[in-house]
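Listing of structure-v4.cif; format and content: mmCIF, C-alpha atoms.
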```cif
data_run
loop_
_atom_site.label_atom_id
_atom_site.label_comp_id
_atom_site.auth_asym_id
_atom_site.auth_seq_id
_atom_site.Cartn_x
_atom_site.Cartn_y
_atom_site.Cartn_z
CA MET A 1 -39.71 -33.41 1.22
CA LEU A 2 -39.81 -35.73 4.20
CA HIS A 3 -37.47 -34.71 7.01
CA ILE A 4 -36.54 -37.50 9.39
CA ILE A 5 -35.24 -36.52 12.84
CA ASN A 6 -33.85 -39.01 15.35
CA LYS A 7 -32.36 -36.92 18.20
CA SER A 8 -33.89 -35.52 21.36
CA PRO A 9 -34.49 -31.76 20.93
CA LEU A 10 -32.85 -31.22 24.34
CA THR A 11 -29.49 -32.74 23.39
CA SER A 12 -29.14 -31.93 19.71
CA VAL A 13 -29.85 -29.08 17.32
CA SER A 14 -31.08 -31.46 14.60
CA LEU A 15 -34.74 -30.52 14.95
CA ASP A 16 -33.93 -26.81 15.27
CA SER A 17 -31.72 -26.90 12.19
CA CYS A 18 -34.41 -28.66 10.22
CA LEU A 19 -37.11 -26.21 11.34
CA ASN A 20 -34.87 -23.23 10.55
CA THR A 21 -33.72 -24.49 7.17
CA ALA A 22 -36.37 -26.62 5.50
CA THR A 23 -39.03 -24.86 3.45
CA GLY A 24 -41.84 -27.08 4.71
CA GLY A 25 -43.27 -30.52 4.07
CA ASP A 26 -43.44 -33.51 6.38
CA ILE A 27 -41.37 -34.06 9.51
CA LEU A 28 -41.15 -37.52 11.02
CA LEU A 29 -39.80 -37.90 14.56
CA ILE A 30 -38.22 -41.31 15.22
CA GLU A 31 -35.96 -42.87 17.87
CA ASP A 32 -34.92 -40.26 20.48
CA ALA A 33 -36.60 -37.45 18.52
CA VAL A 34 -40.01 -38.70 19.65
CA TYR A 35 -39.48 -36.84 22.94
CA ALA A 36 -40.06 -33.65 20.94
CA ALA A 37 -43.67 -34.72 20.39
CA THR A 38 -44.57 -34.98 24.08
CA ARG A 39 -46.62 -32.53 26.14
CA GLY A 40 -44.61 -30.49 28.59
CA ASN A 41 -41.29 -30.93 26.77
CA ALA A 42 -39.35 -27.66 26.75
CA GLY A 43 -39.49 -27.67 22.96
CA GLU A 44 -43.28 -27.95 22.78
CA THR A 45 -43.95 -24.30 21.93
CA LYS A 46 -41.38 -24.39 19.15
CA LEU A 47 -42.86 -27.54 17.67
CA ARG A 48 -46.39 -26.15 17.84
CA ALA A 49 -45.24 -22.99 16.08
CA ALA A 50 -43.73 -25.09 13.29
CA MET A 51 -46.96 -26.98 12.71
CA GLY A 52 -48.26 -24.29 10.39
CA ARG A 53 -45.41 -24.83 7.97
CA PHE A 54 -44.83 -28.55 8.53
CA LYS A 55 -47.00 -31.57 9.01
CA VAL A 56 -45.44 -33.33 12.01
CA HIS A 57 -45.60 -37.10 12.47
CA VAL A 58 -44.25 -39.33 15.19
CA LEU A 59 -43.29 -43.00 15.02
CA MET A 60 -45.56 -44.44 17.72
CA PRO A 61 -43.63 -47.66 18.42
CA ASP A 62 -40.66 -45.46 19.40
CA LEU A 63 -42.83 -43.22 21.60
CA GLU A 64 -44.51 -46.19 23.27
CA ALA A 65 -41.16 -47.89 23.87
CA ARG A 66 -40.13 -44.82 25.84
CA GLY A 67 -43.23 -44.86 28.02
CA LEU A 68 -44.74 -41.69 26.60
CA GLY A 69 -47.43 -43.04 24.30
CA ASP A 70 -50.09 -41.10 26.24
CA ARG A 71 -48.35 -37.72 26.09
CA LEU A 72 -48.59 -36.99 22.39
CA ILE A 73 -49.02 -33.31 21.57
CA GLU A 74 -52.32 -32.68 19.86
CA GLY A 75 -51.92 -32.13 16.14
CA VAL A 76 -48.92 -34.47 15.79
CA SER A 77 -49.94 -37.42 13.66
CA PRO A 78 -49.07 -40.89 14.97
CA VAL A 79 -47.73 -43.40 12.44
CA ASP A 80 -46.46 -46.97 12.56
CA TYR A 81 -43.64 -48.34 10.35
CA GLY A 82 -46.14 -48.76 7.51
CA GLY A 83 -47.01 -45.08 7.86
CA PHE A 84 -43.28 -44.28 7.81
CA VAL A 85 -43.03 -46.13 4.48
CA ASP A 86 -46.06 -44.23 3.13
CA LEU A 87 -44.45 -40.91 4.07
CA THR A 88 -41.27 -41.80 2.18
CA SER A 89 -43.21 -42.86 -0.91
CA SER A 90 -45.59 -39.88 -0.94
CA ASN A 91 -42.67 -37.43 -0.78
CA LYS A 92 -40.31 -37.17 -3.75
CA THR A 93 -37.24 -37.16 -1.49
CA CYS A 94 -36.38 -37.71 2.12
CA GLN A 95 -33.58 -36.43 4.27
CA SER A 96 -32.32 -37.80 7.57
CA TRP A 97 -30.98 -34.99 9.74
CA LEU A 98 -28.12 -37.02 11.21
CA MET B 1 -41.67 -48.54 -5.51
CA LYS B 2 -38.01 -49.42 -5.33
CA PHE B 3 -36.28 -48.57 -2.03
CA GLY B 4 -32.64 -48.31 -1.09
CA ILE B 5 -31.65 -48.19 2.57
CA VAL B 6 -28.40 -47.00 4.17
CA VAL B 7 -27.37 -48.17 7.65
CA ASN B 8 -24.57 -46.18 9.28
CA GLU B 9 -24.42 -47.62 12.79
CA GLY B 10 -23.52 -50.97 14.28
CA PRO B 11 -26.02 -53.35 15.85
CA TYR B 12 -27.06 -53.17 19.53
CA GLN B 13 -25.12 -49.95 20.20
CA HIS B 14 -27.57 -47.75 18.29
CA GLN B 15 -31.19 -48.13 17.23
CA ALA B 16 -30.43 -47.32 13.57
CA SER B 17 -30.14 -50.92 12.38
CA ASP B 18 -33.39 -51.90 14.16
CA SER B 19 -35.23 -48.93 12.67
CA ALA B 20 -33.90 -49.74 9.21
CA TYR B 21 -34.92 -53.38 9.53
CA LEU B 22 -38.46 -52.57 10.68
CA PHE B 23 -38.75 -50.01 7.89
CA ALA B 24 -37.60 -52.57 5.31
CA LYS B 25 -40.02 -55.18 6.62
CA ALA B 26 -42.92 -52.70 6.49
CA ALA B 27 -42.00 -51.60 2.96
CA ILE B 28 -42.00 -55.21 1.77
CA ALA B 29 -45.32 -55.85 3.53
CA LYS B 30 -46.78 -52.97 1.54
CA GLY B 31 -45.66 -54.52 -1.73
CA HIS B 32 -42.60 -52.33 -2.27
CA GLU B 33 -39.23 -53.68 -3.27
CA VAL B 34 -36.22 -53.21 -1.01
CA TRP B 35 -33.59 -53.39 -3.68
CA ARG B 36 -30.48 -52.90 -1.61
CA VAL B 37 -29.38 -52.20 1.94
CA PHE B 38 -25.96 -50.59 2.11
CA PHE B 39 -23.99 -50.85 5.34
CA TYR B 40 -21.51 -48.04 5.90
CA HIS B 41 -19.44 -46.59 8.76
CA ASP B 42 -19.93 -48.78 11.88
CA GLY B 43 -22.94 -50.21 10.06
CA VAL B 44 -20.57 -52.81 8.60
CA ASN B 45 -20.61 -54.52 12.01
CA ASN B 46 -24.15 -55.68 11.21
CA ALA B 47 -22.49 -58.26 8.96
CA SER B 48 -20.27 -60.04 11.47
CA LYS B 49 -21.03 -63.73 11.73
CA LEU B 50 -19.27 -63.79 15.10
CA THR B 51 -22.23 -61.93 16.61
CA GLU B 52 -23.75 -63.79 19.56
CA PRO B 53 -26.47 -61.88 21.41
CA PRO B 54 -28.04 -63.32 24.58
CA GLN B 55 -30.73 -65.92 23.84
CA ASP B 56 -33.63 -63.67 24.85
CA ASP B 57 -32.56 -60.83 22.55
CA ARG B 58 -33.17 -60.30 18.84
CA HIS B 59 -30.43 -61.54 16.51
CA ILE B 60 -29.91 -58.46 14.37
CA VAL B 61 -27.44 -60.09 11.96
CA ASN B 62 -29.51 -63.21 11.31
CA ARG B 63 -32.66 -61.11 11.01
CA TRP B 64 -31.15 -59.14 8.12
CA ALA B 65 -29.91 -62.36 6.50
CA LYS B 66 -33.37 -63.94 6.72
CA LEU B 67 -35.04 -60.87 5.22
CA ALA B 68 -32.52 -60.93 2.38
CA GLU B 69 -33.10 -64.58 1.68
CA GLU B 70 -36.88 -64.40 1.74
CA HIS B 71 -37.25 -61.21 -0.27
CA LYS B 72 -34.12 -61.06 -2.40
CA VAL B 73 -32.72 -58.01 -0.67
CA ASP B 74 -29.15 -57.21 -1.67
CA LEU B 75 -27.16 -56.65 1.54
CA VAL B 76 -23.96 -54.82 0.68
CA VAL B 77 -21.15 -54.02 3.10
CA CYS B 78 -18.75 -51.23 2.15
CA VAL B 79 -15.30 -52.73 1.63
CA ALA B 80 -13.27 -49.73 2.80
CA ALA B 81 -15.36 -49.26 5.95
CA ALA B 82 -15.34 -53.03 6.58
CA LEU B 83 -11.57 -53.46 6.33
CA ARG B 84 -11.05 -50.56 8.72
CA ARG B 85 -13.20 -52.37 11.27
CA GLY B 86 -12.06 -55.94 10.79
CA ILE B 87 -14.96 -57.27 8.75
CA LYS B 88 -13.68 -59.59 6.00
CA GLU B 89 -14.96 -62.48 3.90
CA GLU B 90 -13.80 -64.87 6.61
CA ASN B 91 -16.15 -63.42 9.24
CA LEU B 92 -18.89 -62.20 6.93
CA ALA B 93 -22.35 -63.49 7.82
CA GLN B 94 -24.40 -65.37 5.28
CA GLY B 95 -26.60 -63.21 3.06
CA PHE B 96 -24.20 -60.25 3.00
CA ARG B 97 -21.62 -59.37 0.37
CA ILE B 98 -18.67 -56.99 0.47
CA SER B 99 -18.35 -54.45 -2.30
CA GLY B 100 -17.38 -50.88 -3.09
CA LEU B 101 -18.95 -47.52 -2.39
CA GLY B 102 -20.15 -47.45 -5.98
CA GLN B 103 -22.92 -49.78 -4.83
CA LEU B 104 -24.26 -47.00 -2.61
CA VAL B 105 -24.20 -44.49 -5.45
CA GLU B 106 -25.88 -47.02 -7.71
CA ALA B 107 -28.65 -47.44 -5.14
CA GLY B 108 -29.12 -43.67 -5.16
CA ILE B 109 -29.37 -43.68 -8.93
CA LYS B 110 -31.57 -46.74 -9.42
CA CYS B 111 -33.92 -46.56 -6.44
CA ASP B 112 -36.97 -44.34 -6.29
CA ARG B 113 -36.14 -43.52 -2.68
CA LEU B 114 -33.01 -43.78 -0.57
CA VAL B 115 -33.58 -43.73 3.19
CA THR B 116 -30.68 -43.30 5.62
CA PHE B 117 -30.56 -44.58 9.20
CA GLY B 118 -27.69 -43.43 11.38
CA ASP B 119 -26.67 -41.46 14.43
CA MET C 1 -25.47 -36.14 -18.04
CA SER C 2 -29.16 -36.03 -18.99
CA ASP C 3 -30.01 -38.96 -16.75
CA ALA C 4 -27.81 -37.68 -13.92
CA LYS C 5 -29.49 -37.27 -10.58
CA LYS C 6 -28.92 -34.36 -8.27
CA PHE C 7 -27.10 -35.68 -5.20
CA MET C 8 -26.64 -33.47 -2.18
CA PHE C 9 -24.38 -34.43 0.70
CA VAL C 10 -25.38 -32.68 3.89
CA ASN C 11 -22.49 -32.38 6.35
CA ARG C 12 -23.48 -31.44 9.89
CA LYS C 13 -20.66 -33.03 11.86
CA ALA C 14 -17.19 -31.80 12.81
CA PRO C 15 -14.10 -33.72 11.68
CA TYR C 16 -11.94 -36.05 13.86
CA GLY C 17 -14.34 -36.39 16.81
CA THR C 18 -16.09 -38.99 14.66
CA ILE C 19 -15.26 -40.55 11.30
CA TYR C 20 -18.42 -39.39 9.51
CA ALA C 21 -16.83 -36.42 7.76
CA LEU C 22 -14.00 -38.49 6.29
CA GLU C 23 -16.16 -41.39 5.15
CA SER C 24 -18.72 -38.96 3.74
CA LEU C 25 -16.01 -37.39 1.62
CA GLU C 26 -15.13 -40.83 0.25
CA VAL C 27 -18.72 -41.24 -0.99
CA VAL C 28 -18.67 -37.78 -2.55
CA LEU C 29 -15.63 -38.63 -4.67
CA ILE C 30 -17.19 -41.90 -5.85
CA THR C 31 -20.47 -40.20 -6.71
CA ALA C 32 -18.66 -37.72 -8.94
CA ALA C 33 -17.05 -40.65 -10.78
CA PHE C 34 -20.58 -41.80 -11.66
CA ASP C 35 -21.16 -38.50 -13.48
CA GLN C 36 -23.88 -37.35 -11.14
CA ASP C 37 -24.72 -33.76 -10.30
CA VAL C 38 -23.05 -33.41 -6.88
CA SER C 39 -23.35 -30.66 -4.33
CA LEU C 40 -22.13 -30.42 -0.76
CA ALA C 41 -23.89 -28.54 1.99
CA PHE C 42 -22.21 -27.63 5.26
CA LEU C 43 -24.50 -26.90 8.20
CA ASP C 44 -24.02 -26.70 11.96
CA ASP C 45 -20.64 -28.18 13.06
CA GLY C 46 -20.12 -29.45 9.50
CA VAL C 47 -18.64 -26.06 8.63
CA TYR C 48 -15.62 -26.94 10.80
CA GLN C 49 -14.66 -29.56 8.21
CA LEU C 50 -13.54 -26.76 5.89
CA LYS C 51 -11.31 -24.93 8.36
CA LYS C 52 -7.84 -24.14 7.06
CA GLY C 53 -4.73 -25.12 8.97
CA GLN C 54 -5.76 -28.48 10.41
CA GLN C 55 -2.72 -30.03 12.13
CA THR C 56 -3.37 -33.63 13.08
CA LYS C 57 0.13 -34.82 13.96
CA GLY C 58 -0.55 -34.53 17.68
CA ILE C 59 -3.58 -36.82 17.51
CA GLU C 60 -1.79 -39.33 15.23
CA THR C 61 -4.64 -39.22 12.75
CA LYS C 62 -4.48 -38.58 9.02
CA ASN C 63 -5.29 -35.00 8.04
CA PHE C 64 -7.86 -35.49 5.31
CA SER C 65 -8.70 -31.82 4.83
CA PRO C 66 -6.49 -31.46 1.69
CA ALA C 67 -9.03 -33.74 -0.01
CA TYR C 68 -11.51 -30.85 -0.06
CA ARG C 69 -9.05 -29.04 -2.31
CA ALA C 70 -9.06 -32.02 -4.67
CA LEU C 71 -12.82 -31.82 -5.16
CA GLU C 72 -12.47 -29.45 -8.07
CA ASP C 73 -10.38 -32.03 -9.92
CA TYR C 74 -13.50 -34.18 -9.80
CA ASP C 75 -15.60 -31.27 -11.11
CA ILE C 76 -17.26 -30.82 -7.74
CA GLU C 77 -17.57 -27.11 -7.41
CA LYS C 78 -20.90 -26.72 -5.67
CA LEU C 79 -20.00 -26.23 -2.03
CA TYR C 80 -22.60 -24.43 0.02
CA VAL C 81 -22.12 -23.14 3.54
CA ASP C 82 -24.88 -22.04 5.90
CA LYS C 83 -23.85 -18.45 6.60
CA GLU C 84 -25.47 -18.35 10.02
CA ALA C 85 -23.73 -21.58 11.08
CA MET C 86 -20.38 -20.14 9.95
CA GLU C 87 -20.90 -16.91 11.87
CA ALA C 88 -22.09 -18.73 14.98
CA ARG C 89 -18.69 -20.44 15.06
CA GLY C 90 -16.66 -17.26 14.76
CA LEU C 91 -15.54 -18.14 11.24
CA THR C 92 -15.40 -16.18 8.02
CA GLU C 93 -15.03 -17.24 4.40
CA GLU C 94 -11.27 -16.59 4.69
CA ASP C 95 -11.04 -19.44 7.18
CA PHE C 96 -12.02 -22.00 4.59
CA LEU C 97 -9.72 -24.29 2.60
CA VAL C 98 -11.73 -23.86 -0.57
CA PRO C 99 -14.03 -21.30 -2.19
CA VAL C 100 -17.64 -21.77 -1.10
CA THR C 101 -21.02 -20.17 -1.69
CA LEU C 102 -22.60 -18.73 1.42
CA LEU C 103 -26.32 -19.25 1.69
CA SER C 104 -29.04 -18.05 4.01
CA ARG C 105 -31.05 -20.81 5.65
CA ALA C 106 -34.00 -20.08 3.38
CA GLU C 107 -31.78 -20.43 0.30
CA MET C 108 -30.32 -23.66 1.67
CA GLY C 109 -33.79 -25.07 2.26
CA LYS C 110 -34.84 -24.23 -1.27
CA LEU C 111 -31.75 -25.91 -2.69
CA MET C 112 -32.48 -29.06 -0.69
CA ASP C 113 -35.95 -29.19 -2.23
CA GLU C 114 -34.41 -29.30 -5.71
CA GLN C 115 -32.41 -32.49 -5.03
CA ASP C 116 -33.18 -36.05 -6.09
CA VAL C 117 -31.08 -37.72 -3.40
CA VAL C 118 -30.04 -36.17 -0.10
CA LEU C 119 -27.42 -38.10 1.85
CA SER C 120 -26.28 -37.42 5.35
CA PHE C 121 -23.88 -39.45 7.48
#
```

Could the structure of this file be written out as structure tokens, please?
Amino acid sequence: MLHIINKSPLTSVSLDSCLNTATGGDILLIEDAVYAATRGNAGETKLRAAMGRFKVHVLMPDLEARGLGDRLIEGVSPVDYGGFVDLTSSNKTCQSWL
Amino acid sequence: MKFGIVVNEGPYQHQASDSAYLFAKAAIAKGHEVWRVFFYHDGVNNASKLTEPPQDDRHIVNRWAKLAEEHKVDLVVCVAAALRRGIKEENLAQGFRISGLGQLVEAGIKCDRLVTFGD
Amino acid sequence: MSDAKKFMFVNRKAPYGTIYALESLEVVLITAAFDQDVSLAFLDDGVYQLKKGQQTKGIETKNFSPAYRALEDYDIEKLYVDKEAMEARGLTEEDFLVPVTLLSRAEMGKLMDEQDVVLSF
């Protein structure tokens, strides 16, 4: 399953809830959730730990818009909107953690 | 592949409608079909023809309408949510139609994927 | 029912502060009318939606919580609550308006994987 997160990990439990609940699969960070994919963010260790169980992707246009395009945590895969579409089609279902 | 999209937030206030639009555009560019976009909650405000953004900003309402016209995307506004928020036929933008929640369920049934954008 | 899809509605938001819980419930009832396989999951603050004794007179807002009791009339009986989320909010099963199934997070995750459509508002 593709899990789509759109909230900063420092203001919302969305990412935590997803990591604690979902069995695995792909995670895509969009909108304010892209901050979770940046080096030095307080949630970095948690995200790195989850990378064994999940493949983590980040929507680059959202990261670049926020001025952090050069801070991507190694191992997080950058995608554009086309890549976002591919992730939804390659997974049988998707869930937005709103 | 046949996609359904749900938009739960109004334009300009939240990025959801922009994200949904860019997703829809990318899906179409890849040869997929965007069968229906369903506007729910404050998302119904994406269908107001009274929308007038500053000249140098994107026109979110017209952008949806253009996509619908060019690629036969069915833009559906939930009637119950719309009436609550003052969206009616008289101020409905071109390219959108008002209908019931059943249209959302139908999108879930008929589409291969249903992707939700919200807060 | 052979061509019915499995729809899961994931509720993670508290009632009244925003309209999401109420409008989500409206979709749930419609989905059942389409003879789909419907389940509801309550995670995080979503568990507050099920709290008994909601009194909304003072905020001049309609109390929609009785609608959860009507779900069984629509043959919606699959209500799942994240046990950890419930406990983190000082609630027990007795606090809920309706009977629910308590799940561990691992069980909840597995159930999500079995769905065809997962909707969240």

### Query
Counting all atoms listed in the file, which of A:Asn91, A:Tyr81, A:Asp86, A:Thr38 gets nearest to Ala26 (chain B)?
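Among the listed residues, the smallest separation from Ala26 (chain B) belongs to A:Tyr81.
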
#### Entry: Residues returned when the PyMOL selection byres ((chain B) within 9 of (chain A)) runs on this file, as a PyMOL selection string
chain B and resi 1+15-16+19+22-27+29-30+112-119

### Query
So which residues touch region 31-41 of chain C within 6 Å, counting only C-alpha atoms, skipping near sequence neighbours fewer than 2 positions away, as a list in words?
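Residues near the query, excluding close chain neighbours: Val105 of chain B; Ala4, Lys5, Lys6, Phe7, Met8, Phe9, Val10, Asn11, Val28, Leu29, Lys78, Leu79, Tyr80 and Val81 of chain C.
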
Please write the residues from the selection above to a file, keeping C-alpha atoms, as a CSV table (one decimal), in the frame of the given file.
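Saved file part_1.csv follows:
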```csv
chain,number,residue,atom,x,y,z
B,105,VAL,CA,-24.2,-44.5,-5.4
C,4,ALA,CA,-27.8,-37.7,-13.9
C,5,LYS,CA,-29.5,-37.3,-10.6
C,6,LYS,CA,-28.9,-34.4,-8.3
C,7,PHE,CA,-27.1,-35.7,-5.2
C,8,MET,CA,-26.6,-33.5,-2.2
C,9,PHE,CA,-24.4,-34.4,0.7
C,10,VAL,CA,-25.4,-32.7,3.9
C,11,ASN,CA,-22.5,-32.4,6.4
C,28,VAL,CA,-18.7,-37.8,-2.6
C,29,LEU,CA,-15.6,-38.6,-4.7
C,78,LYS,CA,-20.9,-26.7,-5.7
C,79,LEU,CA,-20.0,-26.2,-2.0
C,80,TYR,CA,-22.6,-24.4,0.0
C,81,VAL,CA,-22.1,-23.1,3.5
```

### Message
Just want the 12 Å neighbourhood of region 96-101 of chain B, counted on all atoms listed in the file, with same-chain residues fewer than 2 positions away dropped. Output as a VMD selection string.
### Response
(chain B and resid 6 36 to 41 44 to 49 61 to 69 72 to 83 87 to 94 103 to 108) or (chain C and resid 23 to 34)

### Nearest candidate to chain C (options B:His32, B:Lys110, B:Arg58, B:Lys2; using all atoms listed in the file)
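Nearest candidate to chain C out of B:His32, B:Lys110, B:Arg58, B:Lys2: B:Lys110.
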
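Pairwise distance (CA of Gly52 (chain A), CA of Asp113 (chain C)) equals 18.3 Å.
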
As a check of understanding, name the residues that the PyMOL selection byres ((chain A and resi 53) around 8) selects in the supplied structure, as a compact mmCIF listing (two decimals) with C-alpha atoms, in the coordinates of the input.
```txt
# COMPACT_ATOMS: atom_id res chain seq x y z
CA THR A 23 -39.03 -24.86 3.45
CA GLY A 24 -41.84 -27.08 4.71
CA GLY A 25 -43.27 -30.52 4.07
CA ALA A 50 -43.73 -25.09 13.29
CA MET A 51 -46.96 -26.98 12.71
CA GLY A 52 -48.26 -24.29 10.39
CA PHE A 54 -44.83 -28.55 8.53
CA LYS A 55 -47.00 -31.57 9.01
```

### Task
For CA of Arg48 (chain A) and CA of Ala36 (chain A), quote the distance in Å rounded to one decimal.
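Between these atoms lies a distance of 10.3 Å.
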
### Query
Distance CA of Ile28 (chain B)-CA of Asp42 (chain B), one decimal place?
25.1 Å

Incomplete region 7-25 of chain B brought to N, CA, C and O atoms, written out as an mmCIF file, in the frame of the given file:
```
data_model
loop_
_atom_site.group_PDB
_atom_site.id
_atom_site.type_symbol
_atom_site.label_atom_id
_atom_site.label_comp_id
_atom_site.auth_asym_id
_atom_site.auth_seq_id
_atom_site.Cartn_x
_atom_site.Cartn_y
_atom_site.Cartn_z
ATOM 1 N N VAL B 7 -27.505 -47.980 6.208
ATOM 2 C CA VAL B 7 -27.370 -48.170 7.650
ATOM 3 C C VAL B 7 -25.962 -47.756 8.069
ATOM 4 O O VAL B 7 -24.973 -48.335 7.614
ATOM 5 N N ASN B 8 -25.875 -46.751 8.925
ATOM 6 C CA ASN B 8 -24.570 -46.180 9.280
ATOM 7 C C ASN B 8 -24.066 -46.536 10.673
ATOM 8 O O ASN B 8 -22.990 -46.078 11.065
ATOM 9 N N GLU B 9 -24.852 -47.292 11.421
ATOM 10 C CA GLU B 9 -24.420 -47.620 12.790
ATOM 11 C C GLU B 9 -24.436 -49.126 13.016
ATOM 12 O O GLU B 9 -25.193 -49.852 12.378
ATOM 13 N N GLY B 10 -23.613 -49.553 13.955
ATOM 14 C CA GLY B 10 -23.520 -50.970 14.280
ATOM 15 C C GLY B 10 -24.745 -51.464 15.026
ATOM 16 O O GLY B 10 -25.569 -50.675 15.475
ATOM 17 N N PRO B 11 -24.873 -52.790 15.154
ATOM 18 C CA PRO B 11 -26.020 -53.350 15.850
ATOM 19 C C PRO B 11 -25.879 -53.184 17.358
ATOM 20 O O PRO B 11 -24.776 -53.032 17.855
ATOM 21 N N TYR B 12 -26.991 -53.193 18.060
ATOM 22 C CA TYR B 12 -27.060 -53.170 19.530
ATOM 23 C C TYR B 12 -26.642 -51.837 20.152
ATOM 24 O O TYR B 12 -27.286 -51.352 21.066
ATOM 25 N N GLN B 13 -25.581 -51.224 19.652
ATOM 26 C CA GLN B 13 -25.120 -49.950 20.200
ATOM 27 C C GLN B 13 -26.136 -48.839 19.933
ATOM 28 O O GLN B 13 -26.396 -48.001 20.778
ATOM 29 N N HIS B 14 -26.706 -48.837 18.747
ATOM 30 C CA HIS B 14 -27.570 -47.750 18.290
ATOM 31 C C HIS B 14 -28.828 -48.346 17.674
ATOM 32 O O HIS B 14 -28.789 -49.450 17.134
ATOM 33 N N GLN B 15 -29.919 -47.598 17.731
ATOM 34 C CA GLN B 15 -31.190 -48.130 17.230
ATOM 35 C C GLN B 15 -31.276 -48.157 15.696
ATOM 36 O O GLN B 15 -32.192 -48.772 15.122
ATOM 37 N N ALA B 16 -30.329 -47.503 15.023
ATOM 38 C CA ALA B 16 -30.430 -47.320 13.570
ATOM 39 C C ALA B 16 -30.706 -48.605 12.796
ATOM 40 O O ALA B 16 -31.576 -48.636 11.915
ATOM 41 N N SER B 17 -29.985 -49.675 13.119
ATOM 42 C CA SER B 17 -30.140 -50.920 12.380
ATOM 43 C C SER B 17 -31.532 -51.531 12.617
ATOM 44 O O SER B 17 -32.150 -52.074 11.700
ATOM 45 N N ASP B 18 -32.039 -51.416 13.850
ATOM 46 C CA ASP B 18 -33.390 -51.900 14.160
ATOM 47 C C ASP B 18 -34.429 -51.099 13.374
ATOM 48 O O ASP B 18 -35.341 -51.671 12.776
ATOM 49 N N SER B 19 -34.284 -49.776 13.393
ATOM 50 C CA SER B 19 -35.230 -48.930 12.670
ATOM 51 C C SER B 19 -35.226 -49.259 11.193
ATOM 52 O O SER B 19 -36.282 -49.363 10.555
ATOM 53 N N ALA B 20 -34.034 -49.441 10.643
ATOM 54 C CA ALA B 20 -33.900 -49.740 9.210
ATOM 55 C C ALA B 20 -34.551 -51.073 8.882
ATOM 56 O O ALA B 20 -35.260 -51.202 7.873
ATOM 57 N N TYR B 21 -34.345 -52.055 9.752
ATOM 58 C CA TYR B 21 -34.920 -53.380 9.530
ATOM 59 C C TYR B 21 -36.445 -53.320 9.557
ATOM 60 O O TYR B 21 -37.121 -53.873 8.679
ATOM 61 N N LEU B 22 -36.993 -52.639 10.562
ATOM 62 C CA LEU B 22 -38.460 -52.570 10.680
ATOM 63 C C LEU B 22 -39.052 -51.771 9.526
ATOM 64 O O LEU B 22 -40.143 -52.068 9.047
ATOM 65 N N PHE B 23 -38.312 -50.770 9.061
ATOM 66 C CA PHE B 23 -38.750 -50.010 7.890
ATOM 67 C C PHE B 23 -38.769 -50.916 6.656
ATOM 68 O O PHE B 23 -39.741 -50.938 5.895
ATOM 69 N N ALA B 24 -37.702 -51.685 6.480
ATOM 70 C CA ALA B 24 -37.600 -52.570 5.310
ATOM 71 C C ALA B 24 -38.731 -53.599 5.314
ATOM 72 O O ALA B 24 -39.379 -53.851 4.288
ATOM 73 N N LYS B 25 -38.966 -54.165 6.491
ATOM 74 C CA LYS B 25 -40.020 -55.180 6.620
ATOM 75 C C LYS B 25 -41.392 -54.569 6.271
ATOM 76 O O LYS B 25 -42.189 -55.177 5.558
#
```
